[in-house]
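Input: a single structure, listed below in structure tokens.
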Amino acid sequence: MLSGILVLFLLAALVPVLAGRLGRATAWILAGIPLLLGLRFLRYAPVTPGSIIVERIDWVPSLGADLTFLLDGLSNAFTLLILLIGSLVILYSGAYLSDHRRLGPFLAYLLLFLGSMIGLVLSDNWITLFVFWELTGVASYLLIGFHHESEASRSAALKSLLVTGSGGILLLVGILLAIQAGQDLGLSLEQASRISSLGLVDLRQDSRYPLILVFITLGAFVKSAQVPFHFWLPAAMAAPTPVSAFLHSATMVKAGVYLLARLHPHLGGTPLWQILLISIGGATMLLAAAMALGQRDLKRILAYTTISVLGTLVLLLGVGTDKAVEALVVFLFAHALYKGALFLVAGNIDHGTGTRDADRLGGLIRLMPVTAAAGLLAALSKAGAPPLFGFLGKELLFEAKLDRESIGQWLILLAITSNVLLVASALRVGIRPFLGRVHPTPRPPHEAPLPMLAAPIVLAALGLLVGLAPGPFARHIGSATATAILGWPVDMKLKLWHGLSLEAMILMLLSGLTLAAGFAVYVGIRRGVHRRWPRPGAILRWGPDRLYERGYAGLLRLAGGLTAQIQSGSFRRYLLIVLVSAIILVGSSLFLADLEIRTLDLWDVKFHEALLAVLVLAGVVLTVRSRSRLTGIAALGVTGLAIALIFAVFSAPDLAITQIMVEIQTVILFVLVFHHLPPFSRRSTLSVRLRDLAVAGGVGVLMAALVLIVPAVRLQSTLADFFRSQSVAAAHGRNVVNVILVDFRALDTLGEITVLAMAGIGVFALTRSIATRSRSG
Amino acid sequence: MNVFLLSLFLALLWAGLFGTADWAVMLFGFVIGFVLLRWIGGPLKFARVPLRIPQALGLVIFLFYELILSSVRVARDVVAIRPRRRPGIVGIPLEVESDAGIMLLANLITLTPGSLSLVVSRDRRTLYVHGMFVEDPEAFRSSIKQGFERLLLRLLGR
Amino acid sequence: MMTALVILLSLSLVPAFIRLVLGPTLPDRVVALDLMSTVGVGMTALLAIIYGRLVFLDIAIVLALISFVGTVAFAHYLERRYRKERR
Amino acid sequence: MTTMLVLPLLIPLLTAALCLVGWRHPVFQRWAGTAGAAAELGAALVLLSRASAQELLVLQVGSWPAPFGITLAADLFGALMLVLAGCVGLGVAVYSLADIPDEARSRGFYPIFHVLLAGVSGAFLTGDLFNLYVWFEVMLTASFVLLALGGGRRQMEGAIKYVGLNLLCSAMFLAATGLIYGATGTLNMADLHESAARIASTHPNLLIAVQSLLFVGFGIKAAIFPLYFWLPASYPTPPSAIGALFAGLLTKVGLYALIRTATIVFPHESPVLGWIPALAAWTMIVGVLGAVAQQTISRILSFHIVSQIGYMIMGVGMMTSSDPSIRHLGLQAAVFYIAHHIVVKTNLFLVAGTVREMRGTDDLRRVGGLASAAPPIAILFLIPALSLAGVPPLSGFWAKLAVIRAGLLAGQGWVVTAALATSLLTLVSMLKIWQECFWKPTDGPARSPSGTVPAVLLSRNRRVRAISMCALAAITLWISVAPQPLMRFAGRSADQLLRPERYTRGVLSSPAPAVHDVVGREPER
Amino acid sequence: MYVVLALIVGALYTAGLYLMFRRSLVKFLFGLVLLGHAANLLLFVVGGLVRASPPIARLGAEAPDAGSADPVPQALVLTAIVIGFAVVAFTAVLVRQVYRVTGTDDVDELREDP
Amino acid sequence: MIVMIAFVLAALGVLFILLAAVGILRLPDLYTRMHASSKAATLGAILVLLSVAVHFGGPAVWVRCLLIVVILFMTAPIAAHMIARAAYIAQVRPSPDTRIDELGSETEL
């Protein structure tokens with residue numbers, strides 16, 4: 001399994017190169033590869049309910065990440081869908097973008113996406129799952145932003161990545177909490193990181209369960225575009241059409257549903273789970289279906305209906321009964337097939353006519369007959385008309401909702417309403433452009449090339465096929481999938497005709513009613529009724545989207561404002577903040593420190609020493625208060641000289657000498673340099689100066705305090721004695737300080753010389769650049 | 001001031017910096033100084049002056065004497081309640097012509113009682129001197145000319 | 001006894017410093033600084049006697065040599081500045 | 001032989017000397033400089049392998065016994081840092097063949113560059129607190145000069161702030177060193193371990209205060225929250241090769257010193273470390289908000305250094321936890337993070353430099369269209385950029401995962417929240433660069449600043465640049481795909497850091513004449 | 001004297017930092033110098049003060065006098081002084097260059113690009 | 001005896017320096033002050049150094065002391081001269097009680 005994913009990634013890396021060589025054949029060849037992979041997976045395929053195939057490779061054991069792949073009914077179902085639709089989409093894109101300069105990269109992104117998606121549904125490791133989860137986000141970002149010359153494309157891509165990325169972060173927190181909880185319950189890190197080993201412990205009893213569940217479901221909701229996080233999906237329609245077909249029919253958005261389904265046996269079934277999923281799923285189902293009506297762009301209509309279906313799936317997971325899960329499985333497949341087909345049909349229409357405006361299209365059946373056939377089939381499946389796959393789905397849906405007794409009536413009402421709306425949308429997308437009068441279009445309508453016809457037709461035809469003969473599907477795929485989701489064996493049976501029981505009659509009636517009502521709504525829309533309706537969608541469509549835009553703009557403003565405040569460019573402000581924090585940090589610990597004055601002899605001061613101290617102080621004050629540069633330099637010189645004399649008085653002749661030499665050189669240097677600088681002028685106000693003085697004084701006080709505390713602490717040093725005894729004997733030098741510098745701590749001196757040399761080079765370089773500058777200008 | 005004298009001075013400096021008066025060290029310093037000066041001395045263009053030791057000694061002794069005298073006078077004036085000072089600036093026509101000579105003279109004058117050389121005029125003919133006790137400019141002028149310049153001329157021979 | 005001399009000597013730093021503060025002209029300050037370094041030479045020399053250690057003479061040497069350089073730098077700068085201003 | 005511990009110091013210093021000798025021969029300097037950097041990396045790699053085998057290499061310089069002379073010691077962490085410095089050094093050296101203008105090169109770019117490397121290596125190797133200060137200064141001075149080399153107005157404005165705040169940093173460091181010597185009478189870090197413990201029992205407050213002082217000093221250097229201002233002010237200004245060098249190395253030296261002292265010198269229970277998680281959170285947030293607000297690539301990247309430092313010290317901050325496994329994980333995460341970040345950030349600066357070279361500016365409002373114009377550059381940008389943002393499975397993801405896991409385990413909910421928000425915002429600003437600079441179409445034709453340079457030369461230049469960028473990207477990819485070796489190494493380093501006894505015993509008992517160098521070789525655990 | 005010098009150290013820090021706060025680059029430079037003095041003196045003072053007994057062996061002696069000053073702080077300060085001088089020297093030239101390039105010595109006029 | 005001589009020399013030296021310091025404070029203008037500093041102070045320093053030489057005795061000390069003396073001897077007047085010249089050029093005017101100023105009219109220097 002790993003090898004399959006790696007092959008896809010490798011191909012993704014190679015495609016941009018290959019595309020140039022292979023030309024038009026690229027897409028054909030590439031489309032074959034997922035198909036081959038699919039065949040390979042099909043070998044495992046009749047996964048008998050409950051059987052699981054695992055492959056395991058170490059990756060980052062320190063963090064609990066390993067490449068554990070698990071193939072059970074659920075992942076098998078997804079894998080097959082992904083590979084099938086992926087293969088068709090690649091084929092389709094080869095033609096759709098045949099003239100495009102960046103076809104190679106496009107296919108590469110597509111393969112990257114395909115690989116990540118496969119990885120996502122196969123991973124049994126939390127971390128690895130998350131890795132693939134985010135990779136799908138990145139790949140979709142690149143795909144959505146493919147037409148990056150347009151501003152809309154770019155911002156749509158950004159929006160989708162940011163929104164799903166935030167969701168990913170929530171998911172990550174949930175995952176880490178789950179791993180942590182697993183470890184606390186006695187699992188090893190490796191075990192705790194396995195999703196399947198959630199079966200070993202019952203997280204539902206853990207106190208962190210609500211937290212984990214909320215984070216994980218939120219992550220899934222965002223990915224699966226549940227209200228109120230749905231807004232990124234319609235925006236993502238900026239992507240090239242095949243991308244939409246792929247991402248929004250079978251893959252990207254279904255990842256959230258996949259994750260919830262995967263966790264259902266381990267985390268599901270609790271009241272919290274039900275409340276969360278049913279409420280959010282139900283709301284999404286209804287609202288998105290309603291919003292779809294307000295759209296004119298074919299792709300946007302499809303996008304909203306996709307959201308609605310995703311809501312339905314989440315809702316079904318929330319209900320969580322056998323029937324509901326069966327309905328989920330069927331609906332999942334049916335939707336993938338018809339939605340994929342419809343997107344591709346929309347692409348064909350766009351390609352053939354130059355517009356996707358539902359209200360400006362009509363009568364295309366004569367001009368684009370094959371497309372029309374696919375479109376009609378898919379739309380009918382979507383509308384839930386017998387004998388198509390979608391019909392089976394709808395039947396089961398109604399049935400499942402009846403199961404849930406307490407809120408069954410409400411749910412069914414909800415389901416019917418949204419289905420009515422979906423039917424209307426289906427008619428608008430799949431029927432409207434083909435029937436009726438021919439409208440003028442930007443381009444004279446013409447049929448698409450073969451690959452672009454093959455893909456939707458295959459998908460639509462599959463829908464018909466399964467609808468007519470659902471048995472094999474139920475046996476080979478459906479049951480295993482449902483089993484994996486439920487955690488206990490289910491034997492799924494699908495029939496087109498349920499016989500004449502009361503329940504079956506009711507279902508039939510409901511289906512018929514839905515279709516009829518849907519048609520009525522469609523007619524109403526054609527007449528423009530909806531324009532007079534209050535638009536519930538308006539609030540929701542704008543709500544979170546606005547929030548995002550506002551939030552994004554607000555973030556930029558906040559960042560700008562804050563940064564302008566903090567990183568103001570004023571060196572003095574920086575200094576102030578640094579010093580104040582130093583005072584706080586150091587002072588807070590010193591506050592309670594034991595200052596033992598009694599260890600200090602206050603009166604051990606000789607007159608000349610005191611005088612030198614006063615001289616230092618006087619020099620300092622004069623330096624601070626000097627009005628002219630040269631006075632300042634002179635005062636600085638006095639300070640340095642006095643310090644040198646202090647060194648001399650306290651037994652450090654070498655220091656005194658060095659200090660004097662350095663001091664004088666500093667003076668000379670300053671004198672030379674300041675020749676080129678303007679004189680002082682008083683610039684700060686009194687209050688500023690007082691503030692600065694207070695802060696500087698704070699540091700001064702702290703330093704003095706630290707110095708005063710040290711003698712009380714001093715430990716016996718062995719260093720001094722060692723140096724004193726060794727310097728003559730071992731190093732042959734009478735001046736211990738010198739011996740330390742050149743022998744014991746020669747490395748310091750090496751560094752010191754290096755610093756001097758650096759400064760020398762720096763001075764040289766700067767003065768030279770001054771010279772060249774003044775020469776040139 | 002010639003190479004030899006300078007080398008001697010450098011040797012002193014050398015010994016001082018070495019912190020010993022070890023004769024070997026001194027000699028080594030002298031040799032190094034001498035060689036170096038010979039080597040780089042060309043460009044420095046030392047006045048080729050014959051060494052006149054007695055005159056030089058005389059100058060040094062005179063200088064010490066003058067230094068003490070002037071110091072005492074200045075010191076006395078500092079603490080005096082009624083100072084006797086009569087500051088003034090006087091121009092002195094120069095007879096020495098070489099750079100070294102002028103420099104030496106100017107420096108020496110600075111060390112003499114109550115006089116401090118300020119500037120040399122552009123034509124290098126006049127040295128302006130600040131005096132602390134200038135009762136009479138002419139007397140002041142001649143005292144300098146008779147004192148230092150004469151000694152200097154004797155030492156340097158113009 | 002010598003210590004008394006050191007104290008006396010260090011006292012002379014006071015007027016020098018006052019002159020440094022008062023100025024009024026830069027050369028005044030330089031002269032004051034120069035005097036202070038001379039005082040420093042004297043002090044270190046006395047310290048050598050008091051401590052009985054010759055190393056302090058080295059300080060005196062350095063101080064004597066170096067302060068001269070500093071003074072010359074000041075003078076040089078001053079002269080250049082005014083010559084430039086005149087131009 | 002442990003004598004080779006001096007190699008990472010000697011090689012750059014000798015190279016610098018060589019380059020100085022060849023001052024007037026740019027071609028010679030170029031070759032010598034690059035070869036020196038390669039040798040440095042080679043030496044570091046050898047050291048790493050030896051350190052990895054022997055746990056700890058110790059050299060008593062001048063063969064004076066341990067607390068008296070200066071000790072050079074390479075433990076796992078130090079050796080790893082050396083190798084990273086070598087990587088950055090070589091990468092930048094190669095890149096600068098194309099990037100540094102001849103003018104600056106003739107003003108001593110190569111000698112200073114190598115001295116900087118020497119300073120950094122010295123800081124990583126030394127086992128002596130004051131010697132650490134000296135190497136800090138070497139590094140700082142070299143960086144001052146590099147920053148100011150041939151600078152225009154912006155560079156000068158940045159340089160003053162850089163110099164001012166960094167000198168404050170060294171003044172604090174120096175003061176703290178003095179206070180420590182005054183209190184303990186020793187400077188050797190291994191020796192200090194014990195002395196500090198004794199002081200901690202009698203005068204804990206003084207120790208804490210001194211550690212705070214040191215923390216502030218290193219914090220300035222490492223660009224931690226209220227102390228980081230010099231960084232965004234100065235890093236964007238020099239040529240990008242220099243910026244890359246700084247971005248990769250300098251802050252990490254501060255961080256290294258912080259970790260080194262916090263683990264070896266001071267006891268783990270110190271309350272100073274208790275501030276770190278909160279500071280880490282602020283560092284991340286403020287840094288990333290700063291980045292979001294910027295409009296030029298180099299400024300965005302500079303602010304991101306700050307925010308990323310937050311993650312690293314967040315790992316360090318876990319050392320306050322009472323649970324040893326959390327302490328270990330935190331430090332492991334920090335080490336891993338540092339390694340990942342050095343490579344990635346250096347590479348990003350190099351890419352920014354290439355953009356600047358191609359378009360004449362790196363102002364996002366004025367560049368664009370690079371995705372079509374230069375797809376390889378786009379890929380070279382995307383790898384480190386997404387890694388920086390922590391997009392899985394790139395190296396940054398593993399780093400962040402480790403840090404966040406440690407934070408969650410330690411129950412630092414707020415810090416984790418900040419870290420997660422920061423990673424999202426990092427993504428925002430990386431994508432901002434991507435969208436504006438690479439995706440956005442340009443209005444006019446691409447403008448090359450060096451219009452007079454023949455196209456052939458320009459393309460050769462790009463190839464030279466590409467070499468180092470590709471190499472660094474390859475390292476990133478390698479860490480991404482196979483993070484476990486580095487992660488395990490980081491774990492071993494953390495283990496070593498958290499048990500300073502082994503280090504101190506190794507340093508103090510290492511015989512003065514470096515006869516044999518196997519120290520602390522013990523069975524793992 | 002220890003107490004006095006400790007206070008002097010505090011004063012030097014205060015003055016140095018205060019000067020670094022000023023708007024003139026020249027004062028900033030003065031501040032750096034004073035800051036260097038402060039750190040050096042701190043190092044020296046904290047290492048312990050001993051009068052009249054430098055750590056230098058008398059001629060012919062095997063070791064310096066017993067109780068002579070601790071040589072280590074002196075060595076450290078010596079290194080620090082030289083390093084400090086190098087840095088200050090460079091900064092001085094840098095300040096001059098800044099003034100040449102920007103035409104101002106007012107720190108507040110040194111901005112960053114937005 | 002030696003100690004006595006040394007002390008007397010040192011005391012004299014200190015006295016001269018002290019007087020120079022007072023002079024530098026009391027005297028009315030730069031030029032007169034310079035008389036004090038360049039002469040009295042130098043002499044004072046020389047005396048102190050001689051005292052050191054006498055106190056310690058021995059050639060090493062004498063050499064060093066003489067060295068310093070020579071340095072002072074050479075540098076003091078040069079320094080004084082340079083400052084004086086600079087001051088004059090910088091138009092530091094002598095105090096009003098300077099009676100004679102033969103240079104005063106000359107501006108071209």
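FYI, nothing fancy with the structure tokens labels: chains A, B, ... in order, residues from 1 per chain, ligands from 1 as they appear.
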Find the residues near B:Asn107: any atom within 6 Å, counting only C-alpha atoms, skip ones fewer than 2 places away on the same chain, and give them as a tab-separated table (two decimals) with all heavy atoms, in the first residue's frame.
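File result25.tsv, as written:
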```
chain	number	residue	atom	x	y	z
B	104	LEU	N	63.10	72.94	18.39
B	104	LEU	CA	63.78	72.82	19.67
B	104	LEU	C	63.69	74.13	20.44
B	104	LEU	O	63.37	74.14	21.64
B	104	LEU	CB	65.25	72.46	19.41
B	104	LEU	CG	65.94	71.64	20.48
B	104	LEU	CD1	65.08	70.44	20.84
B	104	LEU	CD2	67.30	71.20	20.00
B	105	LEU	N	63.90	75.18	19.73
B	105	LEU	CA	63.86	76.48	20.39
B	105	LEU	C	62.49	76.74	20.97
B	105	LEU	O	62.34	77.15	22.13
B	105	LEU	CB	64.22	77.57	19.38
B	105	LEU	CG	64.29	78.97	19.99
B	105	LEU	CD1	65.43	79.05	21.00
B	105	LEU	CD2	64.45	80.04	18.94
B	109	ILE	N	61.85	77.31	24.85
B	109	ILE	CA	61.29	78.58	25.34
B	109	ILE	C	60.11	78.30	26.24
B	109	ILE	O	59.91	78.96	27.27
B	109	ILE	CB	60.89	79.47	24.15
B	109	ILE	CG1	62.16	80.06	23.54
B	109	ILE	CG2	59.94	80.56	24.59
B	109	ILE	CD1	61.90	80.84	22.30
B	110	THR	N	59.35	77.31	25.88
B	110	THR	CA	58.20	77.00	26.69
B	110	THR	C	58.62	76.64	28.11
B	110	THR	O	57.90	76.86	29.07
B	110	THR	CB	57.42	75.83	26.07
B	110	THR	OG1	57.10	76.18	24.74
B	110	THR	CG2	56.15	75.55	26.83
F	77	PRO	N	56.71	70.39	26.90
F	77	PRO	CA	56.72	71.62	26.11
F	77	PRO	C	56.07	71.46	24.74
F	77	PRO	O	55.38	72.38	24.26
F	77	PRO	CB	58.21	71.94	25.97
F	77	PRO	CG	58.92	70.70	26.28
F	77	PRO	CD	58.06	69.92	27.19
F	78	ILE	N	56.26	70.32	24.14
F	78	ILE	CA	55.64	70.14	22.83
F	78	ILE	C	54.13	70.25	22.96
F	78	ILE	O	53.46	70.96	22.21
F	78	ILE	CB	56.02	68.78	22.23
F	78	ILE	CG1	57.53	68.73	22.00
F	78	ILE	CG2	55.27	68.54	20.94
F	78	ILE	CD1	58.01	67.42	21.42
```
**Message:** With DSSP run on the backbone, what are the alpha helix (DSSP H) residues within stretch 87-130 of chain D? I'd like them as number ranges by chain.
**Reply:** D: 87-99, 102-106, 109-125, 129-130
Could you write out the selected residues, including N, CA and C atoms, as an mmCIF file, in the first residue's frame?
```cif
data_model
loop_
_atom_site.group_PDB
_atom_site.id
_atom_site.type_symbol
_atom_site.label_atom_id
_atom_site.label_comp_id
_atom_site.auth_asym_id
_atom_site.auth_seq_id
_atom_site.Cartn_x
_atom_site.Cartn_y
_atom_site.Cartn_z
ATOM 1 N N CYS D 87 26.993 23.578 7.977
ATOM 2 C CA CYS D 87 26.089 23.553 6.816
ATOM 3 C C CYS D 87 25.758 24.969 6.375
ATOM 4 N N VAL D 88 25.340 25.771 7.338
ATOM 5 C CA VAL D 88 24.981 27.141 6.996
ATOM 6 C C VAL D 88 26.185 27.847 6.396
ATOM 7 N N GLY D 89 27.341 27.632 7.036
ATOM 8 C CA GLY D 89 28.548 28.292 6.567
ATOM 9 C C GLY D 89 28.848 27.942 5.122
ATOM 10 N N LEU D 90 28.825 26.664 4.833
ATOM 11 C CA LEU D 90 29.155 26.258 3.469
ATOM 12 C C LEU D 90 28.101 26.763 2.489
ATOM 13 N N GLY D 91 26.847 26.612 2.900
ATOM 14 C CA GLY D 91 25.771 27.077 2.013
ATOM 15 C C GLY D 91 25.914 28.548 1.691
ATOM 16 N N VAL D 92 26.154 29.328 2.721
ATOM 17 C CA VAL D 92 26.262 30.768 2.498
ATOM 18 C C VAL D 92 27.533 31.100 1.728
ATOM 19 N N ALA D 93 28.593 30.352 2.014
ATOM 20 C CA ALA D 93 29.842 30.633 1.303
ATOM 21 C C ALA D 93 29.660 30.414 -0.196
ATOM 22 N N VAL D 94 29.015 29.311 -0.524
ATOM 23 C CA VAL D 94 28.808 29.042 -1.945
ATOM 24 C C VAL D 94 27.878 30.087 -2.550
ATOM 25 N N TYR D 95 26.813 30.366 -1.825
ATOM 26 C CA TYR D 95 25.838 31.326 -2.336
ATOM 27 C C TYR D 95 26.481 32.693 -2.534
ATOM 28 N N SER D 96 27.343 33.048 -1.618
ATOM 29 C CA SER D 96 27.907 34.394 -1.695
ATOM 30 C C SER D 96 28.885 34.529 -2.842
ATOM 31 N N LEU D 97 29.292 33.418 -3.414
ATOM 32 C CA LEU D 97 30.099 33.529 -4.629
ATOM 33 C C LEU D 97 29.343 34.358 -5.657
ATOM 34 N N ALA D 98 28.016 34.217 -5.610
ATOM 35 C CA ALA D 98 27.219 34.949 -6.576
ATOM 36 C C ALA D 98 26.603 36.204 -5.995
ATOM 37 N N ASP D 99 26.395 36.204 -4.682
ATOM 38 C CA ASP D 99 25.547 37.260 -4.129
ATOM 39 C C ASP D 99 26.295 38.492 -3.666
ATOM 40 N N ASP D 102 31.262 42.537 -5.524
ATOM 41 C CA ASP D 102 32.716 42.525 -5.457
ATOM 42 C C ASP D 102 33.249 43.578 -4.515
ATOM 43 N N GLU D 103 32.511 44.670 -4.496
ATOM 44 C CA GLU D 103 32.939 45.775 -3.655
ATOM 45 C C GLU D 103 33.042 45.336 -2.199
ATOM 46 N N ALA D 104 31.974 44.682 -1.742
ATOM 47 C CA ALA D 104 31.965 44.234 -0.355
ATOM 48 C C ALA D 104 32.989 43.138 -0.150
ATOM 49 N N ARG D 105 33.155 42.302 -1.170
ATOM 50 C CA ARG D 105 34.094 41.212 -1.025
ATOM 51 C C ARG D 105 35.502 41.767 -0.831
ATOM 52 N N SER D 106 35.761 42.811 -1.581
ATOM 53 C CA SER D 106 37.097 43.366 -1.451
ATOM 54 C C SER D 106 37.262 44.082 -0.122
ATOM 55 N N PHE D 109 34.898 40.641 3.082
ATOM 56 C CA PHE D 109 33.766 39.775 3.420
ATOM 57 C C PHE D 109 34.229 38.415 3.910
ATOM 58 N N TYR D 110 35.139 37.804 3.174
ATOM 59 C CA TYR D 110 35.501 36.431 3.529
ATOM 60 C C TYR D 110 36.193 36.311 4.876
ATOM 61 N N PRO D 111 37.199 37.143 5.150
ATOM 62 C CA PRO D 111 37.810 37.008 6.476
ATOM 63 C C PRO D 111 36.780 37.176 7.596
ATOM 64 N N ILE D 112 35.924 38.160 7.452
ATOM 65 C CA ILE D 112 34.980 38.412 8.543
ATOM 66 C C ILE D 112 33.998 37.263 8.666
ATOM 67 N N PHE D 113 33.573 36.792 7.524
ATOM 68 C CA PHE D 113 32.655 35.668 7.502
ATOM 69 C C PHE D 113 33.234 34.488 8.273
ATOM 70 N N HIS D 114 34.505 34.209 8.024
ATOM 71 C CA HIS D 114 35.092 33.060 8.700
ATOM 72 C C HIS D 114 35.338 33.326 10.167
ATOM 73 N N VAL D 115 35.632 34.564 10.485
ATOM 74 C CA VAL D 115 35.784 34.858 11.909
ATOM 75 C C VAL D 115 34.439 34.665 12.606
ATOM 76 N N LEU D 116 33.387 35.061 11.932
ATOM 77 C CA LEU D 116 32.058 34.835 12.504
ATOM 78 C C LEU D 116 31.845 33.347 12.765
ATOM 79 N N LEU D 117 32.211 32.548 11.794
ATOM 80 C CA LEU D 117 32.070 31.104 11.971
ATOM 81 C C LEU D 117 32.906 30.627 13.154
ATOM 82 N N ALA D 118 34.109 31.176 13.250
ATOM 83 C CA ALA D 118 34.968 30.775 14.364
ATOM 84 C C ALA D 118 34.314 31.135 15.689
ATOM 85 N N GLY D 119 33.747 32.344 15.739
ATOM 86 C CA GLY D 119 33.089 32.754 16.975
ATOM 87 C C GLY D 119 31.949 31.826 17.332
ATOM 88 N N VAL D 120 31.158 31.501 16.337
ATOM 89 C CA VAL D 120 30.021 30.618 16.580
ATOM 90 C C VAL D 120 30.521 29.247 17.045
ATOM 91 N N SER D 121 31.517 28.719 16.350
ATOM 92 C CA SER D 121 32.034 27.403 16.729
ATOM 93 C C SER D 121 32.611 27.442 18.134
ATOM 94 N N GLY D 122 33.334 28.513 18.421
ATOM 95 C CA GLY D 122 33.901 28.629 19.756
ATOM 96 C C GLY D 122 32.823 28.603 20.820
ATOM 97 N N ALA D 123 31.750 29.341 20.540
ATOM 98 C CA ALA D 123 30.660 29.373 21.510
ATOM 99 C C ALA D 123 30.060 27.988 21.707
ATOM 100 N N PHE D 124 29.991 27.231 20.632
ATOM 101 C CA PHE D 124 29.403 25.895 20.754
ATOM 102 C C PHE D 124 30.333 24.933 21.489
ATOM 103 N N LEU D 125 31.625 25.193 21.396
ATOM 104 C CA LEU D 125 32.578 24.223 21.918
ATOM 105 C C LEU D 125 33.014 24.492 23.345
ATOM 106 N N LEU D 129 32.735 29.739 31.007
ATOM 107 C CA LEU D 129 31.746 30.812 30.879
ATOM 108 C C LEU D 129 32.355 32.079 30.289
ATOM 109 N N PHE D 130 33.528 32.442 30.766
ATOM 110 C CA PHE D 130 34.107 33.674 30.240
ATOM 111 C C PHE D 130 34.571 33.487 28.803
#
```
**Asked** atom CA of A:Ile477 and atom CA of A:Ala77 are how many Å apart?
**Response**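 Separation between atom CA of A:Ile477 and atom CA of A:Ala77: 6.4 Å.
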**Request:** Measuring atom to atom with only C-alpha atoms, identify which of A:Thr666, A:Ser501, A:Ser197, A:Thr685 is nearest to chain C.
**Result:** A:Thr666
**Message:** Need to verify the contact set: A:Leu555, 10 Å, only C-alpha atoms, exclusion of same-chain residues closer than 4 positions in sequence. Can you return it as a list in words?
**Reply:**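 With the cut-off at 10 Å, the set is Glu549, Arg550, Gly551, Ala559, Gly560 and Gly561 of chain A; Leu289, Val292, Ala293 and Leu425 of chain D.
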Give me a file of those residues, with C-alpha atoms, as a PDB file, in the first residue's frame.
```pdb
ATOM      1  CA  GLU A 549     -13.088  38.426   5.271  1.00  0.00           C
ATOM      2  CA  ARG A 550     -13.544  40.725   8.211  1.00  0.00           C
ATOM      3  CA  GLY A 551     -11.438  38.484  10.360  1.00  0.00           C
ATOM      4  CA  ALA A 559      -0.918  42.931  13.155  1.00  0.00           C
ATOM      5  CA  GLY A 560      -0.098  46.196  11.466  1.00  0.00           C
ATOM      6  CA  GLY A 561      -1.181  48.307  14.394  1.00  0.00           C
TER       7      GLY A 561
ATOM      8  CA  LEU D 289       1.851  39.241  13.963  1.00  0.00           C
ATOM      9  CA  VAL D 292       1.854  39.257   8.951  1.00  0.00           C
ATOM     10  CA  ALA D 293       2.041  43.004   8.913  1.00  0.00           C
ATOM     11  CA  LEU D 425      -0.473  32.708  10.962  1.00  0.00           C
TER      12      LEU D 425
END
```
**Message:** Set the distance at 9 Å and use only C-alpha atoms: which residues neighbour B:Leu94 once local chain neighbours fewer than 4 positions away are removed? I'd like the list as a ChimeraX atom specification.
**Reply:** /B:102,124-127,145,149
Export of the given selection (C-alpha atoms) as a JSON list (two decimals), in the first residue's frame:
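And here's again_1.json as it stands now:
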```
[["chain", "number", "residue", "atom", "x", "y", "z"],
["B", 102, "ILE", "CA", 62.99, 76.10, 15.40],
["B", 124, "ARG", "CA", 59.44, 81.53, 9.57],
["B", 125, "ARG", "CA", 61.22, 84.62, 10.70],
["B", 126, "THR", "CA", 59.39, 85.38, 13.89],
["B", 127, "LEU", "CA", 58.41, 83.27, 16.85],
["B", 145, "LYS", "CA", 67.92, 85.67, 22.35],
["B", 149, "GLU", "CA", 69.05, 80.88, 21.18]]
```
